[in-house]
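Source file: my_file.cif. Holds: mmCIF, C-alpha atoms.
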```
data_my_file
loop_
_atom_site.group_PDB
_atom_site.id
_atom_site.type_symbol
_atom_site.label_atom_id
_atom_site.label_comp_id
_atom_site.auth_asym_id
_atom_site.auth_seq_id
_atom_site.Cartn_x
_atom_site.Cartn_y
_atom_site.Cartn_z
ATOM 1 C CA MET A 1 -39.915 -3.229 -14.102
ATOM 2 C CA PRO A 2 -38.930 -0.315 -16.338
ATOM 3 C CA LYS A 3 -35.312 0.437 -17.169
ATOM 4 C CA PHE A 4 -33.782 3.885 -16.937
ATOM 5 C CA ILE A 5 -30.467 5.234 -18.123
ATOM 6 C CA VAL A 6 -28.529 7.154 -15.514
ATOM 7 C CA GLN A 7 -25.445 9.090 -16.494
ATOM 8 C CA VAL A 8 -22.537 9.599 -14.079
ATOM 9 C CA ILE A 9 -20.011 12.272 -14.956
ATOM 10 C CA ILE A 10 -16.780 12.374 -12.952
ATOM 11 C CA GLU A 11 -15.030 15.667 -13.517
ATOM 12 C CA ASN A 12 -11.916 16.977 -11.853
ATOM 13 C CA LYS A 13 -12.356 19.998 -9.614
ATOM 14 C CA PRO A 14 -11.347 23.365 -11.080
ATOM 15 C CA TYR A 15 -8.107 23.505 -9.028
ATOM 16 C CA ILE A 16 -6.843 20.303 -10.697
ATOM 17 C CA ASN A 17 -5.168 21.091 -13.964
ATOM 18 C CA ASP A 18 -6.370 19.049 -16.911
ATOM 19 C CA PRO A 19 -3.579 18.630 -19.456
ATOM 20 C CA GLU A 20 -5.766 16.464 -21.694
ATOM 21 C CA GLY A 21 -8.503 19.094 -21.919
ATOM 22 C CA GLU A 22 -5.901 21.821 -22.414
ATOM 23 C CA THR A 23 -4.266 19.931 -25.279
ATOM 24 C CA ILE A 24 -7.617 19.264 -26.960
ATOM 25 C CA HIS A 25 -8.456 22.936 -26.612
ATOM 26 C CA ARG A 26 -5.138 24.419 -27.702
ATOM 27 C CA ASP A 27 -4.011 21.978 -30.368
ATOM 28 C CA LEU A 28 -7.273 20.794 -31.860
ATOM 29 C CA VAL A 29 -10.123 23.208 -31.234
ATOM 30 C CA VAL A 30 -8.370 26.585 -31.425
ATOM 31 C CA LYS A 31 -5.932 25.521 -34.154
ATOM 32 C CA GLY A 32 -8.923 24.086 -35.998
ATOM 33 C CA GLY A 33 -10.393 27.554 -36.263
ATOM 34 C CA TYR A 34 -12.775 27.653 -33.311
ATOM 35 C CA SER A 35 -11.135 30.475 -31.424
ATOM 36 C CA ASN A 36 -14.410 31.368 -29.720
ATOM 37 C CA ILE A 37 -14.202 28.175 -27.635
ATOM 38 C CA GLN A 38 -12.800 29.403 -24.365
ATOM 39 C CA SER A 39 -11.815 26.149 -22.668
ATOM 40 C CA VAL A 40 -12.165 22.357 -22.714
ATOM 41 C CA ARG A 41 -12.283 20.085 -19.664
ATOM 42 C CA SER A 42 -12.064 16.317 -20.020
ATOM 43 C CA ALA A 43 -14.135 14.009 -17.815
ATOM 44 C CA LYS A 44 -15.110 10.375 -17.410
ATOM 45 C CA MET A 45 -18.678 9.288 -18.103
ATOM 46 C CA LEU A 46 -20.379 6.106 -16.930
ATOM 47 C CA LYS A 47 -23.795 5.118 -18.223
ATOM 48 C CA MET A 48 -25.804 2.792 -16.002
ATOM 49 C CA VAL A 49 -29.026 1.011 -16.913
ATOM 50 C CA VAL A 50 -31.113 0.718 -13.755
ATOM 51 C CA ASN A 51 -34.159 -1.460 -13.088
ATOM 52 C CA SER A 52 -36.379 0.866 -11.115
ATOM 53 C CA LYS A 53 -39.999 1.895 -10.574
ATOM 54 C CA THR A 54 -39.428 5.540 -11.401
ATOM 55 C CA GLU A 55 -36.766 7.676 -13.003
ATOM 56 C CA SER A 56 -36.108 9.561 -9.785
ATOM 57 C CA ASP A 57 -35.671 6.311 -7.813
ATOM 58 C CA ALA A 58 -33.087 5.233 -10.371
ATOM 59 C CA GLU A 59 -31.235 8.495 -9.878
ATOM 60 C CA VAL A 60 -31.310 8.155 -6.084
ATOM 61 C CA THR A 61 -29.892 4.609 -6.259
ATOM 62 C CA VAL A 62 -27.012 5.690 -8.470
ATOM 63 C CA LYS A 63 -26.258 8.738 -6.307
ATOM 64 C CA LYS A 64 -26.093 6.451 -3.285
ATOM 65 C CA LEU A 65 -23.756 3.954 -4.945
ATOM 66 C CA CYS A 66 -21.444 6.727 -6.130
ATOM 67 C CA GLN A 67 -20.933 7.861 -2.534
ATOM 68 C CA GLU A 68 -20.820 4.398 -0.972
ATOM 69 C CA LEU A 69 -18.414 2.807 -3.437
ATOM 70 C CA ARG A 70 -16.296 5.931 -3.911
ATOM 71 C CA ILE A 71 -16.937 6.031 -7.644
ATOM 72 C CA PHE A 72 -15.085 9.358 -7.509
ATOM 73 C CA ASN A 73 -12.325 10.635 -5.231
ATOM 74 C CA PRO A 74 -13.893 13.629 -3.460
ATOM 75 C CA VAL A 75 -10.504 15.299 -2.922
ATOM 76 C CA VAL A 76 -10.004 15.907 -6.622
ATOM 77 C CA SER A 77 -13.293 15.236 -8.412
ATOM 78 C CA ASN A 78 -16.923 16.262 -8.562
ATOM 79 C CA CYS A 79 -19.584 13.805 -9.591
ATOM 80 C CA THR A 80 -22.827 14.649 -11.398
ATOM 81 C CA VAL A 81 -25.585 12.059 -11.589
ATOM 82 C CA LYS A 82 -28.430 12.556 -14.041
ATOM 83 C CA ALA A 83 -31.212 10.288 -15.300
ATOM 84 C CA ILE A 84 -31.570 10.690 -19.052
ATOM 85 C CA GLY A 85 -34.686 8.702 -19.832
ATOM 86 C CA LYS A 86 -35.856 5.166 -20.488
ATOM 87 C CA SER A 87 -33.571 2.470 -21.751
ATOM 88 C CA MET B 1 9.436 -15.329 17.489
ATOM 89 C CA ALA B 2 10.679 -14.295 14.060
ATOM 90 C CA ALA B 3 8.780 -11.575 12.231
ATOM 91 C CA ARG B 4 6.499 -12.474 9.336
ATOM 92 C CA ILE B 5 5.434 -10.118 6.595
ATOM 93 C CA GLY B 6 2.386 -10.531 4.350
ATOM 94 C CA ILE B 7 2.381 -9.409 0.716
ATOM 95 C CA ALA B 8 -1.079 -8.741 -0.734
ATOM 96 C CA VAL B 9 -1.547 -10.061 -4.252
ATOM 97 C CA PHE B 10 -4.266 -8.852 -6.622
ATOM 98 C CA PRO B 11 -4.972 -9.799 -10.222
ATOM 99 C CA GLY B 12 -2.576 -7.419 -11.968
ATOM 100 C CA SER B 13 0.018 -7.081 -9.183
ATOM 101 C CA ASN B 14 3.467 -7.287 -10.762
ATOM 102 C CA CYS B 15 5.978 -6.265 -8.094
ATOM 103 C CA ASP B 16 4.814 -8.842 -5.542
ATOM 104 C CA ARG B 17 7.540 -11.334 -6.455
ATOM 105 C CA ASP B 18 10.276 -8.684 -6.340
ATOM 106 C CA VAL B 19 9.228 -7.712 -2.807
ATOM 107 C CA HIS B 20 8.978 -11.385 -1.817
ATOM 108 C CA TYR B 21 12.461 -12.096 -3.163
ATOM 109 C CA ILE B 22 14.088 -9.116 -1.447
ATOM 110 C CA LEU B 23 12.490 -9.861 1.916
ATOM 111 C CA ASN B 24 13.174 -13.594 1.921
ATOM 112 C CA ASN B 25 16.536 -13.709 0.153
ATOM 113 C CA ILE B 26 18.259 -10.382 0.790
ATOM 114 C CA ILE B 27 16.822 -9.182 4.102
ATOM 115 C CA GLY B 28 16.250 -12.680 5.449
ATOM 116 C CA VAL B 29 12.783 -12.302 6.898
ATOM 117 C CA GLU B 30 9.852 -14.615 6.246
ATOM 118 C CA ALA B 31 7.393 -13.124 3.759
ATOM 119 C CA ASP B 32 4.331 -14.792 2.230
ATOM 120 C CA PHE B 33 1.949 -14.001 -0.600
ATOM 121 C CA ILE B 34 -1.671 -13.469 0.434
ATOM 122 C CA TRP B 35 -4.354 -13.586 -2.271
ATOM 123 C CA HIS B 36 -6.832 -10.692 -2.315
ATOM 124 C CA THR B 37 -9.868 -12.855 -1.540
ATOM 125 C CA GLN B 38 -8.517 -13.683 1.923
ATOM 126 C CA ASP B 39 -10.869 -12.149 4.468
ATOM 127 C CA ARG B 40 -9.073 -13.263 7.627
ATOM 128 C CA ILE B 41 -5.399 -12.622 8.181
ATOM 129 C CA SER B 42 -3.545 -13.577 11.329
ATOM 130 C CA GLY B 43 0.057 -14.114 12.338
ATOM 131 C CA TYR B 44 1.528 -11.271 10.282
ATOM 132 C CA ASP B 45 3.536 -8.437 11.837
ATOM 133 C CA ALA B 46 3.471 -6.158 8.784
ATOM 134 C CA MET B 47 1.729 -5.959 5.403
ATOM 135 C CA ILE B 48 3.064 -4.808 2.062
ATOM 136 C CA ILE B 49 0.777 -3.775 -0.779
ATOM 137 C CA PRO B 50 3.003 -4.121 -3.854
ATOM 138 C CA GLY B 51 3.034 -2.336 -7.181
ATOM 139 C CA GLY B 52 1.367 -3.312 -10.408
ATOM 140 C CA PHE B 53 -1.969 -2.626 -12.029
ATOM 141 C CA ALA B 54 -4.494 -4.279 -9.712
ATOM 142 C CA PHE B 55 -7.713 -4.999 -11.597
ATOM 143 C CA GLY B 56 -6.241 -3.328 -14.670
ATOM 144 C CA ASP B 57 -6.551 0.154 -13.110
ATOM 145 C CA ARG B 58 -10.253 0.049 -14.064
ATOM 146 C CA LEU B 59 -12.211 3.177 -13.093
ATOM 147 C CA ARG B 60 -9.035 4.586 -11.556
ATOM 148 C CA PRO B 61 -5.920 3.000 -10.053
ATOM 149 C CA GLY B 62 -6.505 1.289 -6.715
ATOM 150 C CA ILE B 63 -10.250 1.777 -6.360
ATOM 151 C CA ILE B 64 -11.399 -1.784 -7.141
ATOM 152 C CA ALA B 65 -8.653 -3.346 -4.988
ATOM 153 C CA ALA B 66 -9.625 -0.986 -2.153
ATOM 154 C CA HIS B 67 -12.961 -2.802 -1.919
ATOM 155 C CA SER B 68 -11.437 -6.308 -1.853
ATOM 156 C CA PRO B 69 -11.709 -8.578 1.231
ATOM 157 C CA ILE B 70 -7.993 -8.398 2.018
ATOM 158 C CA MET B 71 -8.093 -4.606 2.251
ATOM 159 C CA GLN B 72 -10.814 -4.739 4.899
ATOM 160 C CA GLU B 73 -8.357 -6.856 6.911
ATOM 161 C CA VAL B 74 -5.482 -4.483 6.171
ATOM 162 C CA LYS B 75 -7.619 -1.596 7.451
ATOM 163 C CA ARG B 76 -8.337 -3.502 10.642
ATOM 164 C CA MET B 77 -4.643 -4.326 11.122
ATOM 165 C CA ALA B 78 -3.627 -0.717 10.421
ATOM 166 C CA LYS B 79 -5.991 0.450 13.140
ATOM 167 C CA HIS B 80 -4.161 -1.838 15.569
ATOM 168 C CA GLY B 81 -0.818 -0.282 14.697
ATOM 169 C CA VAL B 82 0.488 -2.964 12.316
ATOM 170 C CA PRO B 83 2.927 -1.378 9.820
ATOM 171 C CA VAL B 84 1.474 -1.241 6.297
ATOM 172 C CA LEU B 85 3.616 -0.206 3.330
ATOM 173 C CA GLY B 86 2.091 0.525 -0.078
ATOM 174 C CA ILE B 87 4.464 0.795 -3.030
ATOM 175 C CA CYS B 88 3.368 2.459 -6.296
ATOM 176 C CA ASN B 89 -0.003 0.821 -7.068
ATOM 177 C CA GLY B 90 -0.014 -0.113 -3.376
ATOM 178 C CA PHE B 91 0.136 3.617 -2.529
ATOM 179 C CA GLN B 92 -2.837 4.189 -4.845
ATOM 180 C CA ILE B 93 -4.738 1.362 -3.114
ATOM 181 C CA LEU B 94 -4.032 2.817 0.355
ATOM 182 C CA VAL B 95 -5.287 6.223 -0.765
ATOM 183 C CA GLU B 96 -8.451 4.782 -2.304
ATOM 184 C CA SER B 97 -9.027 2.692 0.844
ATOM 185 C CA GLY B 98 -9.064 5.874 2.871
ATOM 186 C CA LEU B 99 -6.005 4.833 4.896
ATOM 187 C CA LEU B 100 -4.076 7.774 3.467
ATOM 188 C CA PRO B 101 -5.426 11.186 2.417
ATOM 189 C CA GLY B 102 -5.328 12.806 -1.020
ATOM 190 C CA ALA B 103 -5.357 11.381 -4.521
ATOM 191 C CA LEU B 104 -2.981 10.007 -7.140
ATOM 192 C CA MET B 105 -3.640 11.298 -10.619
ATOM 193 C CA MET B 106 -2.202 10.946 -14.098
ATOM 194 C CA ASN B 107 1.308 12.420 -14.376
ATOM 195 C CA ASP B 108 1.194 16.014 -15.560
ATOM 196 C CA SER B 109 3.249 14.977 -18.615
ATOM 197 C CA LEU B 110 0.449 12.497 -19.551
ATOM 198 C CA ARG B 111 3.259 9.970 -20.007
ATOM 199 C CA PHE B 112 4.311 6.870 -18.131
ATOM 200 C CA VAL B 113 7.660 7.658 -16.478
ATOM 201 C CA CYS B 114 10.196 4.906 -15.821
ATOM 202 C CA ARG B 115 13.549 6.162 -14.589
ATOM 203 C CA TRP B 116 15.757 6.772 -11.577
ATOM 204 C CA THR B 117 15.077 9.684 -9.341
ATOM 205 C CA SER B 118 16.507 11.100 -6.150
ATOM 206 C CA VAL B 119 14.444 11.496 -2.997
ATOM 207 C CA GLN B 120 15.020 13.134 0.365
ATOM 208 C CA VAL B 121 13.922 11.757 3.739
ATOM 209 C CA THR B 122 11.760 14.379 5.434
ATOM 210 C CA ASN B 123 10.512 12.189 8.289
ATOM 211 C CA ASN B 124 12.706 9.485 9.812
ATOM 212 C CA LYS B 125 10.334 8.662 12.658
ATOM 213 C CA THR B 126 8.273 6.071 10.735
ATOM 214 C CA PRO B 127 8.900 2.307 10.945
ATOM 215 C CA PHE B 128 9.958 2.446 7.277
ATOM 216 C CA THR B 129 12.491 5.279 7.505
ATOM 217 C CA SER B 130 13.895 5.042 11.036
ATOM 218 C CA GLN B 131 17.333 3.948 9.854
ATOM 219 C CA PHE B 132 17.793 6.932 7.551
ATOM 220 C CA ALA B 133 19.256 10.239 8.662
ATOM 221 C CA LEU B 134 16.882 13.173 8.403
ATOM 222 C CA LYS B 135 17.385 14.997 5.080
ATOM 223 C CA GLN B 136 19.372 12.023 3.708
ATOM 224 C CA THR B 137 19.007 11.713 -0.049
ATOM 225 C CA PHE B 138 19.183 8.512 -2.047
ATOM 226 C CA GLY B 139 18.547 7.216 -5.537
ATOM 227 C CA ILE B 140 15.505 5.092 -6.269
ATOM 228 C CA PRO B 141 13.624 4.161 -9.434
ATOM 229 C CA ILE B 142 10.073 5.188 -10.290
ATOM 230 C CA ALA B 143 7.744 3.589 -12.852
ATOM 231 C CA HIS B 144 4.222 4.983 -13.022
ATOM 232 C CA GLY B 145 1.590 6.645 -15.156
ATOM 233 C CA ASP B 146 -0.561 7.869 -12.283
ATOM 234 C CA GLY B 147 1.930 9.087 -9.700
ATOM 235 C CA ARG B 148 0.973 12.732 -9.340
ATOM 236 C CA TYR B 149 0.140 13.024 -5.658
ATOM 237 C CA VAL B 150 -2.538 15.669 -5.202
ATOM 238 C CA ALA B 151 -3.615 17.195 -1.911
ATOM 239 C CA ASP B 152 -5.863 20.227 -1.583
ATOM 240 C CA SER B 153 -4.645 23.095 0.593
ATOM 241 C CA LYS B 154 -6.441 21.775 3.673
ATOM 242 C CA ILE B 155 -4.926 18.276 3.429
ATOM 243 C CA LEU B 156 -1.492 19.673 2.617
ATOM 244 C CA LYS B 157 -1.603 21.887 5.713
ATOM 245 C CA GLU B 158 -2.494 18.873 7.864
ATOM 246 C CA LEU B 159 0.232 16.719 6.289
ATOM 247 C CA LYS B 160 2.833 19.370 7.071
ATOM 248 C CA LYS B 161 1.544 20.060 10.555
ATOM 249 C CA LYS B 162 1.559 16.388 11.505
ATOM 250 C CA ASN B 163 4.859 15.616 9.798
ATOM 251 C CA GLN B 164 3.231 13.123 7.414
ATOM 252 C CA ILE B 165 5.384 13.887 4.385
ATOM 253 C CA VAL B 166 8.043 11.161 4.519
ATOM 254 C CA LEU B 167 9.877 11.407 1.183
ATOM 255 C CA ARG B 168 10.170 14.239 -1.322
ATOM 256 C CA TYR B 169 11.634 14.184 -4.808
ATOM 257 C CA GLU B 170 14.900 16.010 -4.366
ATOM 258 C CA SER B 171 14.631 18.583 -7.106
ATOM 259 C CA ASP B 172 13.008 17.710 -10.402
ATOM 260 C CA ASN B 173 9.356 16.772 -10.116
ATOM 261 C CA PRO B 174 8.854 13.654 -12.269
ATOM 262 C CA ASN B 175 5.048 13.670 -12.212
ATOM 263 C CA GLY B 176 3.751 17.019 -10.990
ATOM 264 C CA SER B 177 3.133 15.925 -7.384
ATOM 265 C CA THR B 178 2.010 18.572 -4.911
ATOM 266 C CA ASP B 179 5.006 19.859 -2.944
ATOM 267 C CA LEU B 180 7.322 17.237 -4.545
ATOM 268 C CA ILE B 181 5.687 14.513 -2.431
ATOM 269 C CA ALA B 182 6.972 10.977 -3.081
ATOM 270 C CA ALA B 183 5.710 9.302 0.128
ATOM 271 C CA ILE B 184 3.314 10.102 2.946
ATOM 272 C CA CYS B 185 2.223 8.327 6.104
ATOM 273 C CA ASN B 186 -0.909 8.400 8.235
ATOM 274 C CA GLU B 187 -1.106 10.434 11.434
ATOM 275 C CA GLU B 188 0.109 7.505 13.548
ATOM 276 C CA GLY B 189 2.982 6.800 11.146
ATOM 277 C CA ASN B 190 2.316 3.066 10.774
ATOM 278 C CA VAL B 191 0.808 3.293 7.267
ATOM 279 C CA MET B 192 3.038 4.636 4.493
ATOM 280 C CA GLY B 193 2.486 4.946 0.759
ATOM 281 C CA MET B 194 5.353 5.653 -1.629
ATOM 282 C CA MET B 195 5.476 5.991 -5.418
ATOM 283 C CA PRO B 196 9.145 4.914 -5.909
ATOM 284 C CA HIS B 197 10.166 1.250 -5.900
ATOM 285 C CA PRO B 198 12.655 0.242 -3.159
ATOM 286 C CA GLU B 199 12.423 -3.415 -4.222
ATOM 287 C CA ARG B 200 13.879 -2.489 -7.602
ATOM 288 C CA ALA B 201 17.022 -1.012 -6.038
ATOM 289 C CA SER B 202 17.798 -3.367 -3.182
ATOM 290 C CA GLU B 203 20.616 -5.289 -4.815
ATOM 291 C CA LYS B 204 23.988 -4.223 -6.132
ATOM 292 C CA ILE B 205 23.237 -5.591 -9.599
ATOM 293 C CA LEU B 206 20.190 -3.318 -9.801
ATOM 294 C CA ASN B 207 22.048 -0.197 -8.760
ATOM 295 C CA LEU B 208 22.275 2.497 -11.393
ATOM 296 C CA ASP B 209 25.676 3.543 -10.146
ATOM 297 C CA ARG B 210 27.755 0.449 -11.004
ATOM 298 C CA SER B 211 30.913 1.991 -9.571
ATOM 299 C CA ARG B 212 29.463 1.615 -6.091
ATOM 300 C CA ASN B 213 30.007 -1.596 -4.296
ATOM 301 C CA SER B 214 26.536 -1.817 -2.788
ATOM 302 C CA SER B 215 22.851 -1.516 -3.562
ATOM 303 C CA SER B 216 21.079 1.833 -3.399
ATOM 304 C CA GLU B 217 20.160 3.051 0.093
ATOM 305 C CA ALA B 218 16.570 2.292 -0.918
ATOM 306 C CA ILE B 219 16.919 -1.076 0.801
ATOM 307 C CA THR B 220 17.033 0.852 4.114
ATOM 308 C CA ILE B 221 13.211 1.063 3.813
ATOM 309 C CA PHE B 222 13.051 -2.716 4.350
ATOM 310 C CA TRP B 223 15.869 -2.783 6.936
ATOM 311 C CA SER B 224 14.058 -0.116 8.949
ATOM 312 C CA LEU B 225 10.817 -2.080 8.855
ATOM 313 C CA VAL B 226 12.449 -5.340 9.915
ATOM 314 C CA SER B 227 14.484 -3.760 12.712
ATOM 315 C CA ASN B 228 11.310 -2.140 14.058
ATOM 316 C CA LEU B 229 9.500 -5.471 14.011
ATOM 317 C CA LYS B 230 12.387 -7.073 15.891
ATOM 318 C CA GLN B 231 12.457 -4.291 18.486
ATOM 319 C CA LYS B 232 8.738 -4.720 18.961
ATOM 320 C CA ALA B 233 9.200 -8.464 19.470
ATOM 321 C CA ILE B 234 11.867 -7.855 22.119
ATOM 322 C CA ALA B 235 9.723 -5.270 23.905
#
```
Using structure tokens, write down the structure that the file contains.
Amino acid sequence: MPKFIVQVIIENKPYINDPEGETIHRDLVVKGGYSNIQSVRSAKMLKMVVNSKTESDAEVTVKKLCQELRIFNPVVSNCTVKAIGKS
Amino acid sequence: MAARIGIAVFPGSNCDRDVHYILNNIIGVEADFIWHTQDRISGYDAMIIPGGFAFGDRLRPGIIAAHSPIMQEVKRMAKHGVPVLGICNGFQILVESGLLPGALMMNDSLRFVCRWTSVQVTNNKTPFTSQFALKQTFGIPIAHGDGRYVADSKILKELKKKNQIVLRYESDNPNGSTDLIAAICNEEGNVMGMMPHPERASEKILNLDRSRNSSSEAITIFWSLVSNLKQKAIA
């Protein structure tokens, strides 16, 4: 069976402040001369290798597990699941 | 029959022994350790989920422990009205189990905070706070990296409406928690999660204020619980 890479990005909702992203933005990016960068948000990324018939099946499986196992806390985070090709 | 309290133990729990010691030796109630793989629990009148770093806080604090066999039992017991107290990491586990609403996130300072703080009792109708006066303040230590309690506006409204905010930091906010929240309970009041550590302030020798001849009032959390269990037994 083919293997696909599925990426899970857990990002905090806009109403949650993100001191890590703010520090990276203010003290590294802007001070480093990139003043055209408007903001930085930090997030957590998980990369899963899935045995699956098709890429879209792999994505569906991962979406399901994210909900079922509470991979993210829906009160504070959004979760984006995206297949990014064969492993 | 004397009351018995269960203490859940996960790989990475580190306040389990403190709670066990206080309950058995200071309060004088029988308390036992229960390993997280236990999928049937009977004969316990209350459960305590202690602090620590269950499963190394992998993914985020509390989430892996929330899926463990013992927590499925704790959920069942909570539904039947058994008092469940989560302290620090235990609070995080209760939130991730869905027994309490909201989320606990990294402190807004991005630093681990370990110090004494002062909290105020804003609900003294729970089995854990019934022996406090309403608005009573007392000193209690905190020690956490992820103690910022976050509730969106909808959850916060519900918490206030249903009187679920049990303890608030008195003035300075040590972690950036919404509305200075230090402890909340479920709608029924039998499940409470708190970030501060009552077990670390329940003896005179551990009291910050050495001039006082007693432990911090934090021990009242355990006295309240035990007196409620006794009352229940009599009823």
Spell out the residues picked by the PyMOL selection byres ((chain B) within 9 of (chain A)) here, as a PDB file with C-alpha atoms, keeping the file's coordinate frame.
```
ATOM      1  CA  LEU B  59     -12.211   3.177 -13.093  1.00  0.00           C
ATOM      2  CA  ARG B  60      -9.035   4.586 -11.556  1.00  0.00           C
ATOM      3  CA  ILE B  63     -10.250   1.777  -6.360  1.00  0.00           C
ATOM      4  CA  HIS B  67     -12.961  -2.802  -1.919  1.00  0.00           C
ATOM      5  CA  GLU B  96      -8.451   4.782  -2.304  1.00  0.00           C
ATOM      6  CA  PRO B 101      -5.426  11.186   2.417  1.00  0.00           C
ATOM      7  CA  GLY B 102      -5.328  12.806  -1.020  1.00  0.00           C
ATOM      8  CA  ALA B 103      -5.357  11.381  -4.521  1.00  0.00           C
ATOM      9  CA  MET B 105      -3.640  11.298 -10.619  1.00  0.00           C
ATOM     10  CA  ASP B 108       1.194  16.014 -15.560  1.00  0.00           C
ATOM     11  CA  SER B 109       3.249  14.977 -18.615  1.00  0.00           C
ATOM     12  CA  LEU B 110       0.449  12.497 -19.551  1.00  0.00           C
ATOM     13  CA  VAL B 150      -2.538  15.669  -5.202  1.00  0.00           C
ATOM     14  CA  ALA B 151      -3.615  17.195  -1.911  1.00  0.00           C
ATOM     15  CA  ASP B 152      -5.863  20.227  -1.583  1.00  0.00           C
ATOM     16  CA  ILE B 155      -4.926  18.276   3.429  1.00  0.00           C
TER      17      ILE B 155
END
```
Q) Applied to this file, what does the PyMOL selection byres ((chain B and resi 41-46) around 8) return in terms of residues, put as JSON, numbers by chain? A) {"B": [3, 4, 5, 6, 38, 39, 40, 47, 48, 70, 73, 82, 83, 84, 229]}
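Every protein or nucleic acid residue with an atom no more than 10 Å from B:Leu134, counting only C-alpha atoms and leaving out same-chain residues fewer than 2 positions away, appears here: Gln120, Val121, Thr122, Asn123, Asn124, Lys125, Thr129, Ser130, Gln131, Phe132, Gln136, Thr137 and Val166 of chain B.
With atom CA of A:Ala58 on one side and atom CA of A:Thr80 on the other, the separation reads 14.0 Å.
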(Q) Here is a test: counting all atoms listed in the file, which residue of B:Val226, B:Met192, B:Val9, B:Ile205 is nearest to B:Phe91? (A)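 Nearest to B:Phe91: B:Met192.
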(Q) For A:Gln7, find every residue with an atom within 7 Å (counting all atoms listed in the file), except residues of its own chain fewer than 2 positions away, and show them as a list in words. (A)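 The neighbour list is Ile5, Ile9, Met45, Leu46, Lys47, Met48, Val81, Lys82, Ala83 and Ile84 of chain A.
Our summary of the geometry notes that atom CA of B:Thr220 is positioned 28.3 Å from atom CA of B:Met106.
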Q: Quick one: residues within 12 Å of (21.1, -8.5, 1.9) (file frame), counting all atoms listed in the file, please, as an MDAnalysis selection string.
A: chainID B and resid 21:29 199 201:204 214:217 219:220 222:223
(Q) So that I can see what lies close to B:Glu188, please list as number ranges by chain the residues with an atom at most 10 Å from it, counting all atoms listed in the file and leaving out residues fewer than 3 positions away in the same chain. (A) B: 78-79, 81, 126, 162, 164, 185, 191-192
Q) What is the atom CA of B:Cys88 to atom CA of A:Cys66 distance in Å? A)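 Calculated distance between atom CA of B:Cys88 and atom CA of A:Cys66 is 25.2 Å.
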Q: List the residues matched by the PyMOL selection byres ((chain B and resi 193-196) around 10) in the displayed structure as number ranges by chain, ordered by chain and then by residue number.
A: B: 48-49, 51, 84-95, 99-100, 104, 114-119, 139-144, 146-149, 166-169, 181-186, 191-192, 197-201, 218
Q. With distances taken over only C-alpha atoms, which of B:Gly12, B:Lys161, B:Arg111, B:Ala233 is nearest to B:Asp57?
A. B:Gly12
Listed atoms of stretch 21-28 of chain A, axis-aligned box, 5 Å per side: centre and edge lengths to one decimal in Å, as JSON?
```
{"center_x": -6.3, "center_y": 21.8, "center_z": -26.9, "size_x": 14.5, "size_y": 15.3, "size_z": 19.9}
```
Can you list, as a tab-separated table (two decimals) with C-alpha atoms, keeping the file's coordinate frame, every protein, DNA or RNA residue that comes within 9 Å of A:Thr61 when you count all atoms listed in the file, leaving out same-chain residues fewer than 4 positions away?
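Wrote selection_26.tsv, looks like this:
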```
chain	number	residue	atom	x	y	z
A	50	VAL	CA	-31.11	0.72	-13.76
A	52	SER	CA	-36.38	0.87	-11.12
A	56	SER	CA	-36.11	9.56	-9.78
A	57	ASP	CA	-35.67	6.31	-7.81
A	65	LEU	CA	-23.76	3.95	-4.94
A	66	CYS	CA	-21.44	6.73	-6.13
```
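For the residues A:Glu59, A:Lys13, A:Ile24, A:Asn51, ranking by smallest atom-to-atom distance to A:Ile37 using all atoms listed in the file places A:Ile24 first.
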Q | Ref. answer, residues at most 12 Å from (-1.4, -18.2, -7.3) with only C-alpha atoms, as a ChimeraX atom specification | A | /B:8-13,16-17,32-37
Next, the residues of the selection above should be written as a short mmCIF file (atom, residue, chain, number, x, y, z; two decimals), in the coordinates of the input with C-alpha atoms.
```cif
data_model
loop_
_atom_site.label_atom_id
_atom_site.label_comp_id
_atom_site.auth_asym_id
_atom_site.auth_seq_id
_atom_site.Cartn_x
_atom_site.Cartn_y
_atom_site.Cartn_z
CA ALA B 8 -1.08 -8.74 -0.73
CA VAL B 9 -1.55 -10.06 -4.25
CA PHE B 10 -4.27 -8.85 -6.62
CA PRO B 11 -4.97 -9.80 -10.22
CA GLY B 12 -2.58 -7.42 -11.97
CA SER B 13 0.02 -7.08 -9.18
CA ASP B 16 4.81 -8.84 -5.54
CA ARG B 17 7.54 -11.33 -6.46
CA ASP B 32 4.33 -14.79 2.23
CA PHE B 33 1.95 -14.00 -0.60
CA ILE B 34 -1.67 -13.47 0.43
CA TRP B 35 -4.35 -13.59 -2.27
CA HIS B 36 -6.83 -10.69 -2.32
CA THR B 37 -9.87 -12.86 -1.54
#
```
